Amino acid sequence: MKQLVPLMVVALIVSVSSCKKKDDPRSAVYRTWIIKEMQGTGMDEIAKAELMKSENSVEFTRRGKMIMRMGGEETEGSFEVNETATTITTRANGMTEDYTISNLSESSMTLSDGEMTMNLSAKK
């Protein structure tokens, strides 16, 4: 019996370590994204064109920090993404925004809130 206990412990360790850890869909969100296109923001076309002349980005860190760089200005805030990576809530400058995440991959993501859509591309 004493020989069986260590064998059972080894078998348990091997079986637990061989189980694949389920991929977390949120991991695709945690990176820096370049804002490629914005639609329906309520901005006039001239202001939108001026804004899109520079490289605008938003960074989402694993620790829930958001850094948005737009028009030469940097804004820090926080965010929460749900477990299935289908919604994200951002907080910055006293404002809270809820977005739907679609088309999420390692290289692209779309955020929309009903009035606005942002097409993002992963920064390389």
# chains A, B, ... in the order shown; residues from 1 in each chain; ligands from 1
>>> select_by_dssp(residues="segment 26-94 of chain A", states="helix (DSSP H, G or I)", output="NGL selection string")
:A and (26-28 or 45-51)
>>> residues_around(residues="Ser112 of chain A", least_positions_apart="3", cutoff="8 Å", atoms="only C-alpha atoms", output="list of chain:residue names")
A:Tyr99, A:Thr100, A:Ile101, A:Glu115, A:Met116, A:Thr117, A:Met118
>>> atom_distance(atom1="atom CA of Ala122 of chain A", atom2="atom CA of Asp44 of chain A")
26.3 Å
>>> residues_around(residues="Glu76 of chain A", least_positions_apart="5", cutoff="12 Å", atoms="only C-alpha atoms", output="ChimeraX atom specification")
/A:57-61,64-70,90-95
>>> write_last_selection(atoms="N, CA, C and O atoms", output="mmCIF file, in the first residue's frame")
data_model
loop_
_atom_site.group_PDB
_atom_site.id
_atom_site.type_symbol
_atom_site.label_atom_id
_atom_site.label_comp_id
_atom_site.auth_asym_id
_atom_site.auth_seq_id
_atom_site.Cartn_x
_atom_site.Cartn_y
_atom_site.Cartn_z
ATOM 1 N N SER A 57 -3.936 55.354 -31.242
ATOM 2 C CA SER A 57 -3.939 53.987 -30.725
ATOM 3 C C SER A 57 -4.617 53.913 -29.363
ATOM 4 O O SER A 57 -4.821 54.922 -28.686
ATOM 5 N N VAL A 58 -4.959 52.695 -28.999
ATOM 6 C CA VAL A 58 -5.469 52.409 -27.669
ATOM 7 C C VAL A 58 -4.794 51.119 -27.199
ATOM 8 O O VAL A 58 -4.659 50.164 -27.961
ATOM 9 N N GLU A 59 -4.304 51.154 -25.966
ATOM 10 C CA GLU A 59 -3.620 49.994 -25.389
ATOM 11 C C GLU A 59 -4.444 49.465 -24.230
ATOM 12 O O GLU A 59 -4.878 50.225 -23.363
ATOM 13 N N PHE A 60 -4.661 48.151 -24.228
ATOM 14 C CA PHE A 60 -5.351 47.477 -23.133
ATOM 15 C C PHE A 60 -4.360 46.515 -22.492
ATOM 16 O O PHE A 60 -3.874 45.598 -23.151
ATOM 17 N N THR A 61 -4.030 46.734 -21.202
ATOM 18 C CA THR A 61 -3.068 45.869 -20.521
ATOM 19 C C THR A 61 -3.788 44.773 -19.742
ATOM 20 O O THR A 61 -4.974 44.890 -19.432
ATOM 21 N N GLY A 64 -5.756 45.761 -16.600
ATOM 22 C CA GLY A 64 -6.946 46.595 -16.668
ATOM 23 C C GLY A 64 -6.688 48.069 -16.904
ATOM 24 O O GLY A 64 -7.577 48.899 -16.731
ATOM 25 N N LYS A 65 -5.488 48.407 -17.338
ATOM 26 C CA LYS A 65 -5.161 49.803 -17.626
ATOM 27 C C LYS A 65 -5.368 50.052 -19.124
ATOM 28 O O LYS A 65 -4.984 49.233 -19.957
ATOM 29 N N MET A 66 -5.962 51.201 -19.439
ATOM 30 C CA MET A 66 -6.173 51.604 -20.820
ATOM 31 C C MET A 66 -5.408 52.904 -21.056
ATOM 32 O O MET A 66 -5.480 53.823 -20.245
ATOM 33 N N ILE A 67 -4.689 52.961 -22.169
ATOM 34 C CA ILE A 67 -3.987 54.183 -22.557
ATOM 35 C C ILE A 67 -4.420 54.495 -23.986
ATOM 36 O O ILE A 67 -4.169 53.710 -24.905
ATOM 37 N N MET A 68 -5.078 55.635 -24.158
ATOM 38 C CA MET A 68 -5.529 56.050 -25.481
ATOM 39 C C MET A 68 -4.684 57.233 -25.948
ATOM 40 O O MET A 68 -4.512 58.197 -25.212
ATOM 41 N N ARG A 69 -4.155 57.115 -27.153
ATOM 42 C CA ARG A 69 -3.356 58.183 -27.757
ATOM 43 C C ARG A 69 -4.070 58.641 -29.019
ATOM 44 O O ARG A 69 -4.142 57.900 -29.992
ATOM 45 N N MET A 70 -4.614 59.870 -28.954
ATOM 46 C CA MET A 70 -5.358 60.406 -30.100
ATOM 47 C C MET A 70 -5.008 61.869 -30.300
ATOM 48 O O MET A 70 -5.020 62.641 -29.341
ATOM 49 N N THR A 90 -15.015 50.838 -20.784
ATOM 50 C CA THR A 90 -13.854 51.699 -20.557
ATOM 51 C C THR A 90 -14.250 52.850 -19.648
ATOM 52 O O THR A 90 -15.384 53.311 -19.668
ATOM 53 N N ARG A 91 -13.273 53.300 -18.850
ATOM 54 C CA ARG A 91 -13.465 54.442 -17.957
ATOM 55 C C ARG A 91 -12.275 55.376 -18.093
ATOM 56 O O ARG A 91 -11.140 54.963 -17.892
ATOM 57 N N ALA A 92 -12.579 56.648 -18.438
ATOM 58 C CA ALA A 92 -11.524 57.659 -18.552
ATOM 59 C C ALA A 92 -12.171 59.032 -18.476
ATOM 60 O O ALA A 92 -13.279 59.230 -18.980
ATOM 61 N N ASN A 93 -11.482 59.965 -17.840
ATOM 62 C CA ASN A 93 -11.961 61.355 -17.720
ATOM 63 C C ASN A 93 -13.382 61.432 -17.152
ATOM 64 O O ASN A 93 -14.192 62.250 -17.588
ATOM 65 N N GLY A 94 -13.691 60.566 -16.197
ATOM 66 C CA GLY A 94 -15.002 60.588 -15.560
ATOM 67 C C GLY A 94 -16.125 60.015 -16.403
ATOM 68 O O GLY A 94 -17.288 60.087 -16.015
ATOM 69 N N MET A 95 -15.801 59.458 -17.565
ATOM 70 C CA MET A 95 -16.816 58.884 -18.454
ATOM 71 C C MET A 95 -16.679 57.373 -18.519
ATOM 72 O O MET A 95 -15.571 56.843 -18.501
#
>>> atom_distance(atom1="atom CA of Glu73 of chain A", atom2="atom CA of Ser107 of chain A")
24.3 Å
>>> closest_residue(among="A:Ala85, A:Glu55, A:Asp24, A:Glu74", to="Lys36 of chain A", atoms="only C-alpha atoms")
A:Glu55
>>> atom_distance(atom1="atom CA of Met109 of chain A", atom2="atom CA of Ser121 of chain A")
6.6 Å
>>> closest_residue(among="A:Ile88, A:Asp98, A:Trp33, A:Gly72", to="Gly114 of chain A", atoms="only C-alpha atoms")
A:Asp98
>>> closest_residue(among="A:Arg62, A:Asn56, A:Ser27, A:Thr89", to="Thr75 of chain A", atoms="only C-alpha atoms")
A:Asn56
